[in-house]
Amino acid sequence: MRLQQFLARSGIASRRKAEDLIRAGRVSINDQIVEIGAVVQTGDIVRLDGERVRMPQKNVVIALHKPKGYTTTHEDEHAEKLVYELVPQHPGLHSVGRLDKDTEGLLLLTTDGHLTQLLTHPRNQVRKLYRAWCKRGRVSKEVCQQLVQGVMLGDGLAQALEAQPVKDGIKLVLAEGRKREVRRMLGKVGHPVERLVRLAVGPIELGELEVGHWRYLTQEEIKLLHSNTGSLRLRKPAQAQRQKPAAAPSKRKAQHRPEAKSPQASVRAKKGAVESSSERLSTWKRQGTTQRSPNRRPNTRTGRADKT
């Protein structure tokens with residue numbers, strides 16, 4: 001990787017400040033002072049002012065419930081509050097994508113650059129679920145269909161993978177990460193956003209994590225992210241099942257057997273009861289992760305800012 005990227009992920013400085021350190025001649029690779037554009041290979045020894053710089057040995061992934069008013073950046077002279085004030089410090093910790101200052105919800109932060117590339121590259125189509133409260137209230141089914149078909153924005157066509165009307169607004173699934181995309185899409189169709197919350201990224205859900213709080217992801221959750229399993233589907237209203245006409249009586253002699261309900265009928269009955277629930281999300285399709293892991297760590301600190 002490029003030297004400034006190596007320094008940033010080692011927790012020395014941001015990329016911009018790392019470039020200043022390199023220009024000042026304070027950084028060497030294998031005891032040779034280098035310039036901007038230098039690349040760090042496996043086995044190279046990088047030093048800053050003579051002290052060796054090492055990458056963190058163990059990667060971490062943090063799920064943060066980002067509050068409104070916090071900026072997703074390491075440095076911004078115009079920002080009043082930064083998300084990194086809410087989480088523990090780790091060398092090379094960075095956000096996986098961004099949420100704008102006014103948007104709340106799930107934000108992943110990690111020291112794993114490979115994972116960040118996996119989750120943010122457009123070809124991987126990682127789904128993200130949003131819940132928006134709109135100034136005009138509930139969004140109609142017709143407008144939801146329009147969002148799925150696509151609306152033209154200043155930077156091209158934008159489409160939701162799924163959209164569903166809910167009380168006072170809409171839930172929708174996107175796989176892109178354009179700047180303020182959800183707000184611009186809803187504004188385009190005449191439904192300006194009052195409040196926007198991201199509920200999930202890939203198989204990881206916001207769940208009951210309180211505003212301003214954070215937690216480490218378990219190894220099982222990190223494996224799910226790397227394999228990119230768990231695709232989101234919004235629950236569709238259940239349709240009434242048609243009753244099949246009664247079968248004609250058999251001409252054969254009836255055999256005296258105790259009556260028993262078909263196991264398939266029991267499954268259908270249970271499924272219908274579940275699908276008839278209100279406009280909740282369907283659970284993620286996971287392998288072995290439908291229940292909380294017993295090893296899942298609770299919040300290890302409040303992480304709540306004094307001002308939110």
# chains A, B, ... in the order shown; residues from 1 in each chain; ligands from 1

call {"tool": "residues_around", "arguments": {"residues": "Gln125 of chain A", "least_positions_apart": "3", "cutoff": "8 Å", "atoms": "only C-alpha atoms", "output": "ChimeraX atom specification"}}
result
/A:121-122,175-176

call {"tool": "write_last_selection", "arguments": {"atoms": "N, CA, C and O atoms", "output": "tab-separated table (two decimals), in the first residue's frame"}}
result
chain	number	residue	atom	x	y	z
A	121	HIS	N	-17.29	-1.28	-2.07
A	121	HIS	CA	-17.13	-1.35	-3.52
A	121	HIS	C	-18.50	-1.59	-4.18
A	121	HIS	O	-19.24	-2.49	-3.78
A	122	PRO	N	-18.85	-0.80	-5.20
A	122	PRO	CA	-20.18	-0.91	-5.83
A	122	PRO	C	-20.50	-2.30	-6.36
A	122	PRO	O	-21.67	-2.71	-6.36
A	175	ALA	N	-28.23	-0.06	-2.34
A	175	ALA	CA	-26.92	-0.70	-2.38
A	175	ALA	C	-25.85	0.26	-2.87
A	175	ALA	O	-24.74	-0.16	-3.16
A	176	GLU	N	-26.20	1.53	-2.97
A	176	GLU	CA	-25.23	2.54	-3.38
A	176	GLU	C	-24.83	3.38	-2.17
A	176	GLU	O	-25.41	3.25	-1.10

call {"tool": "residues_around", "arguments": {"residues": "Gly69 of chain A", "least_positions_apart": "4", "cutoff": "12 Å", "atoms": "only C-alpha atoms", "output": "VMD selection string"}}
result
chain A and resid 79 to 83 99 to 105 211 to 212 305 307 to 308

call {"tool": "write_last_selection", "arguments": {"atoms": "all heavy atoms", "output": "short mmCIF file (atom, residue, chain, number, x, y, z; two decimals), in the first residue's frame"}}
result
data_model
loop_
_atom_site.label_atom_id
_atom_site.label_comp_id
_atom_site.auth_asym_id
_atom_site.auth_seq_id
_atom_site.Cartn_x
_atom_site.Cartn_y
_atom_site.Cartn_z
N ALA A 79 -16.42 21.18 11.84
CA ALA A 79 -17.28 20.25 12.57
C ALA A 79 -17.23 20.53 14.06
O ALA A 79 -16.15 20.71 14.63
CB ALA A 79 -16.85 18.81 12.28
N GLU A 80 -18.40 20.55 14.69
CA GLU A 80 -18.47 20.76 16.14
C GLU A 80 -18.21 19.46 16.90
O GLU A 80 -17.56 19.45 17.94
CB GLU A 80 -19.85 21.31 16.51
CG GLU A 80 -20.14 22.68 15.93
CD GLU A 80 -21.53 23.17 16.32
OE1 GLU A 80 -22.21 22.46 17.08
OE2 GLU A 80 -21.91 24.27 15.87
N LYS A 81 -18.73 18.34 16.35
CA LYS A 81 -18.58 17.05 17.03
C LYS A 81 -18.23 15.97 16.00
O LYS A 81 -18.80 15.95 14.91
CB LYS A 81 -19.89 16.69 17.75
CG LYS A 81 -20.24 17.64 18.88
CD LYS A 81 -21.58 17.32 19.51
CE LYS A 81 -22.75 17.72 18.63
NZ LYS A 81 -24.05 17.61 19.34
N LEU A 82 -17.31 15.08 16.36
CA LEU A 82 -16.86 14.02 15.47
C LEU A 82 -17.25 12.65 16.05
O LEU A 82 -17.24 12.46 17.27
CB LEU A 82 -15.34 14.07 15.29
CG LEU A 82 -14.75 15.40 14.81
CD1 LEU A 82 -13.23 15.29 14.73
CD2 LEU A 82 -15.33 15.82 13.47
N VAL A 83 -17.57 11.70 15.18
CA VAL A 83 -17.98 10.37 15.65
C VAL A 83 -16.87 9.67 16.42
O VAL A 83 -17.13 8.83 17.29
CB VAL A 83 -18.43 9.48 14.47
CG1 VAL A 83 -19.69 10.04 13.82
CG2 VAL A 83 -17.32 9.30 13.45
N LEU A 99 -22.09 8.58 7.09
CA LEU A 99 -23.45 9.09 7.28
C LEU A 99 -23.32 10.60 7.40
O LEU A 99 -22.43 11.09 8.11
CB LEU A 99 -24.09 8.51 8.55
CG LEU A 99 -24.47 7.02 8.52
CD1 LEU A 99 -25.03 6.61 9.87
CD2 LEU A 99 -25.47 6.72 7.42
N ASP A 100 -24.21 11.34 6.74
CA ASP A 100 -24.08 12.79 6.83
C ASP A 100 -24.43 13.28 8.23
O ASP A 100 -24.97 12.54 9.06
CB ASP A 100 -24.93 13.49 5.75
CG ASP A 100 -26.42 13.27 5.93
OD1 ASP A 100 -26.94 13.65 7.00
OD2 ASP A 100 -27.07 12.74 5.02
N LYS A 101 -24.12 14.52 8.48
CA LYS A 101 -24.24 15.09 9.83
C LYS A 101 -25.64 14.93 10.42
O LYS A 101 -25.79 14.66 11.61
CB LYS A 101 -23.85 16.57 9.78
CG LYS A 101 -23.95 17.30 11.11
CD LYS A 101 -23.55 18.75 10.95
CE LYS A 101 -23.71 19.52 12.25
NZ LYS A 101 -23.34 20.95 12.12
N ASP A 102 -26.67 15.07 9.61
CA ASP A 102 -28.05 15.04 10.11
C ASP A 102 -28.65 13.65 10.14
O ASP A 102 -29.79 13.48 10.59
CB ASP A 102 -28.93 15.96 9.26
CG ASP A 102 -28.51 17.42 9.38
OD1 ASP A 102 -28.07 17.81 10.48
OD2 ASP A 102 -28.60 18.16 8.38
N THR A 103 -27.93 12.64 9.65
CA THR A 103 -28.46 11.28 9.61
C THR A 103 -27.98 10.48 10.82
O THR A 103 -26.84 10.60 11.25
CB THR A 103 -28.04 10.56 8.31
OG1 THR A 103 -28.55 11.28 7.20
CG2 THR A 103 -28.56 9.14 8.27
N GLU A 104 -28.90 9.68 11.37
CA GLU A 104 -28.61 8.86 12.55
C GLU A 104 -28.48 7.40 12.14
O GLU A 104 -28.72 7.04 11.00
CB GLU A 104 -29.74 9.01 13.57
CG GLU A 104 -30.12 10.44 13.91
CD GLU A 104 -31.49 10.52 14.56
OE1 GLU A 104 -31.73 9.73 15.50
OE2 GLU A 104 -32.31 11.34 14.12
N GLY A 105 -28.13 6.56 13.12
CA GLY A 105 -28.20 5.12 12.90
C GLY A 105 -26.87 4.41 12.85
O GLY A 105 -25.85 4.90 13.34
N VAL A 211 -28.76 5.37 21.18
CA VAL A 211 -28.12 6.49 20.50
C VAL A 211 -26.84 6.89 21.25
O VAL A 211 -26.84 7.06 22.46
CB VAL A 211 -29.07 7.70 20.42
CG1 VAL A 211 -28.37 8.89 19.78
CG2 VAL A 211 -30.33 7.34 19.63
N GLY A 212 -25.73 7.02 20.50
CA GLY A 212 -24.46 7.41 21.10
C GLY A 212 -23.67 6.26 21.68
O GLY A 212 -22.54 6.46 22.12
N ALA A 305 -22.20 11.10 24.28
CA ALA A 305 -21.65 12.44 24.36
C ALA A 305 -22.48 13.28 25.31
O ALA A 305 -23.66 13.01 25.54
CB ALA A 305 -21.63 13.10 22.99
N LYS A 307 -23.32 16.29 24.78
CA LYS A 307 -24.28 17.01 23.95
C LYS A 307 -24.60 16.14 22.74
O LYS A 307 -23.73 15.61 22.09
CB LYS A 307 -23.69 18.33 23.46
CG LYS A 307 -23.36 19.29 24.62
CD LYS A 307 -22.77 20.57 24.09
CE LYS A 307 -22.44 21.53 25.22
NZ LYS A 307 -21.85 22.78 24.71
N THR A 308 -25.86 16.00 22.43
CA THR A 308 -26.25 15.20 21.28
C THR A 308 -27.08 16.06 20.37
O THR A 308 -27.65 17.03 20.75
CB THR A 308 -27.06 13.96 21.73
OG1 THR A 308 -28.18 14.39 22.49
CG2 THR A 308 -26.18 13.03 22.53
#

call {"tool": "residues_around", "arguments": {"residues": "Leu172 of chain A", "least_positions_apart": "6", "cutoff": "9 Å", "atoms": "only C-alpha atoms", "output": "list in words"}}
result
Lys128, Leu129, Tyr130, Arg131, Ala132, Cys144, Leu147, Ala160, Leu161, Glu162, Ala163, Gln164, Pro165, Val182 and Leu234 of chain A

call {"tool": "write_last_selection", "arguments": {"atoms": "N, CA and C atoms", "output": "tab-separated table (two decimals), in the first residue's frame"}}
result
chain	number	residue	atom	x	y	z
A	128	LYS	N	-28.20	-1.71	2.33
A	128	LYS	CA	-28.32	-0.87	3.53
A	128	LYS	C	-29.79	-0.48	3.67
A	129	LEU	N	-30.29	-0.61	4.88
A	129	LEU	CA	-31.70	-0.34	5.16
A	129	LEU	C	-31.86	1.00	5.87
A	130	TYR	N	-32.79	1.81	5.38
A	130	TYR	CA	-33.04	3.13	5.95
A	130	TYR	C	-34.52	3.27	6.33
A	131	ARG	N	-34.76	4.05	7.38
A	131	ARG	CA	-36.11	4.42	7.79
A	131	ARG	C	-36.18	5.94	7.77
A	132	ALA	N	-37.08	6.48	6.97
A	132	ALA	CA	-37.21	7.94	6.83
A	132	ALA	C	-38.58	8.40	7.31
A	144	CYS	N	-43.44	4.58	-3.85
A	144	CYS	CA	-42.46	3.52	-3.57
A	144	CYS	C	-42.06	2.82	-4.87
A	147	LEU	N	-39.70	4.92	-6.82
A	147	LEU	CA	-38.34	4.89	-6.29
A	147	LEU	C	-37.60	3.62	-6.71
A	160	ALA	N	-33.95	2.51	-5.64
A	160	ALA	CA	-34.04	1.70	-4.42
A	160	ALA	C	-34.22	0.25	-4.84
A	161	LEU	N	-33.60	-0.67	-4.12
A	161	LEU	CA	-33.81	-2.08	-4.39
A	161	LEU	C	-35.20	-2.51	-3.93
A	162	GLU	N	-35.63	-1.94	-2.80
A	162	GLU	CA	-36.97	-2.19	-2.28
A	162	GLU	C	-37.44	-0.94	-1.56
A	163	ALA	N	-38.74	-0.75	-1.50
A	163	ALA	CA	-39.32	0.39	-0.79
A	163	ALA	C	-40.68	-0.02	-0.25
A	164	GLN	N	-40.99	0.45	0.97
A	164	GLN	CA	-42.23	0.04	1.63
A	164	GLN	C	-42.81	1.20	2.44
A	165	PRO	N	-44.09	1.50	2.26
A	165	PRO	CA	-44.70	2.57	3.07
A	165	PRO	C	-44.79	2.16	4.53
A	182	VAL	N	-30.48	9.18	-0.15
A	182	VAL	CA	-31.86	8.94	0.28
A	182	VAL	C	-32.64	10.25	0.35
A	234	LEU	N	-37.71	-6.72	2.67
A	234	LEU	CA	-38.78	-6.10	3.43
A	234	LEU	C	-40.00	-7.02	3.41

call {"tool": "residues_around", "arguments": {"residues": "Ala38 of chain A", "least_positions_apart": "4", "cutoff": "10 Å", "atoms": "only C-alpha atoms", "output": "number ranges by chain"}}
result
A: 1-4, 22, 28-29, 33-34

call {"tool": "select_by_dssp", "arguments": {"residues": "segment 138-212 of chain A", "states": "strand (DSSP E)", "output": "PDB file with C-alpha atoms, in the first residue's frame"}}
result
ATOM      1  CA  VAL A 151     -35.473   8.742 -10.234  1.00  0.00           C
ATOM      2  CA  MET A 152     -33.015  10.988 -12.055  1.00  0.00           C
ATOM      3  CA  LEU A 153     -30.678  13.000  -9.826  1.00  0.00           C
ATOM      4  CA  GLY A 156     -27.460  10.050 -12.619  1.00  0.00           C
ATOM      5  CA  LEU A 157     -30.254   7.548 -12.087  1.00  0.00           C
ATOM      6  CA  ALA A 158     -30.821   6.449  -8.483  1.00  0.00           C
ATOM      7  CA  GLU A 162     -36.970  -2.189  -2.275  1.00  0.00           C
ATOM      8  CA  ALA A 163     -39.319   0.389  -0.787  1.00  0.00           C
ATOM      9  CA  GLN A 164     -42.235   0.042   1.627  1.00  0.00           C
ATOM     10  CA  PRO A 165     -44.704   2.570   3.070  1.00  0.00           C
ATOM     11  CA  VAL A 166     -44.680   2.888   6.865  1.00  0.00           C
ATOM     12  CA  GLY A 169     -42.714   7.840   5.987  1.00  0.00           C
ATOM     13  CA  ILE A 170     -40.950   4.956   4.273  1.00  0.00           C
ATOM     14  CA  LYS A 171     -38.455   2.127   4.641  1.00  0.00           C
ATOM     15  CA  LEU A 172     -36.148   1.496   1.724  1.00  0.00           C
ATOM     16  CA  VAL A 173     -33.132  -0.602   0.792  1.00  0.00           C
ATOM     17  CA  LEU A 174     -30.227   0.764  -1.259  1.00  0.00           C
ATOM     18  CA  VAL A 193     -37.129  14.062   4.867  1.00  0.00           C
ATOM     19  CA  GLU A 194     -37.524  15.245   8.459  1.00  0.00           C
ATOM     20  CA  ARG A 195     -35.533  12.430  10.055  1.00  0.00           C
ATOM     21  CA  LEU A 196     -33.398   9.631   8.604  1.00  0.00           C
ATOM     22  CA  VAL A 197     -32.019   6.559  10.409  1.00  0.00           C
ATOM     23  CA  ARG A 198     -29.923   3.738   8.963  1.00  0.00           C
ATOM     24  CA  LEU A 199     -31.113   0.466  10.469  1.00  0.00           C
ATOM     25  CA  ALA A 200     -28.745  -2.075   8.934  1.00  0.00           C
ATOM     26  CA  VAL A 201     -25.621  -2.625   6.840  1.00  0.00           C
ATOM     27  CA  ILE A 204     -25.547  -6.296  10.765  1.00  0.00           C
ATOM     28  CA  GLU A 205     -28.580  -4.606  12.354  1.00  0.00           C
TER      29      GLU A 205
END

call {"tool": "residues_around", "arguments": {"residues": "Arg26 of chain A", "least_positions_apart": "5", "cutoff": "8 Å", "atoms": "only C-alpha atoms", "output": "PyMOL selection string"}}
result
chain A and resi 21+33+48-49

call {"tool": "select_by_dssp", "arguments": {"residues": "segment 26-265 of chain A", "states": "helix (DSSP H, G or I)", "output": "PyMOL selection string"}}
result
chain A and resi 83-85+113-120+122-124+141-149+181-188+219-227+263-265
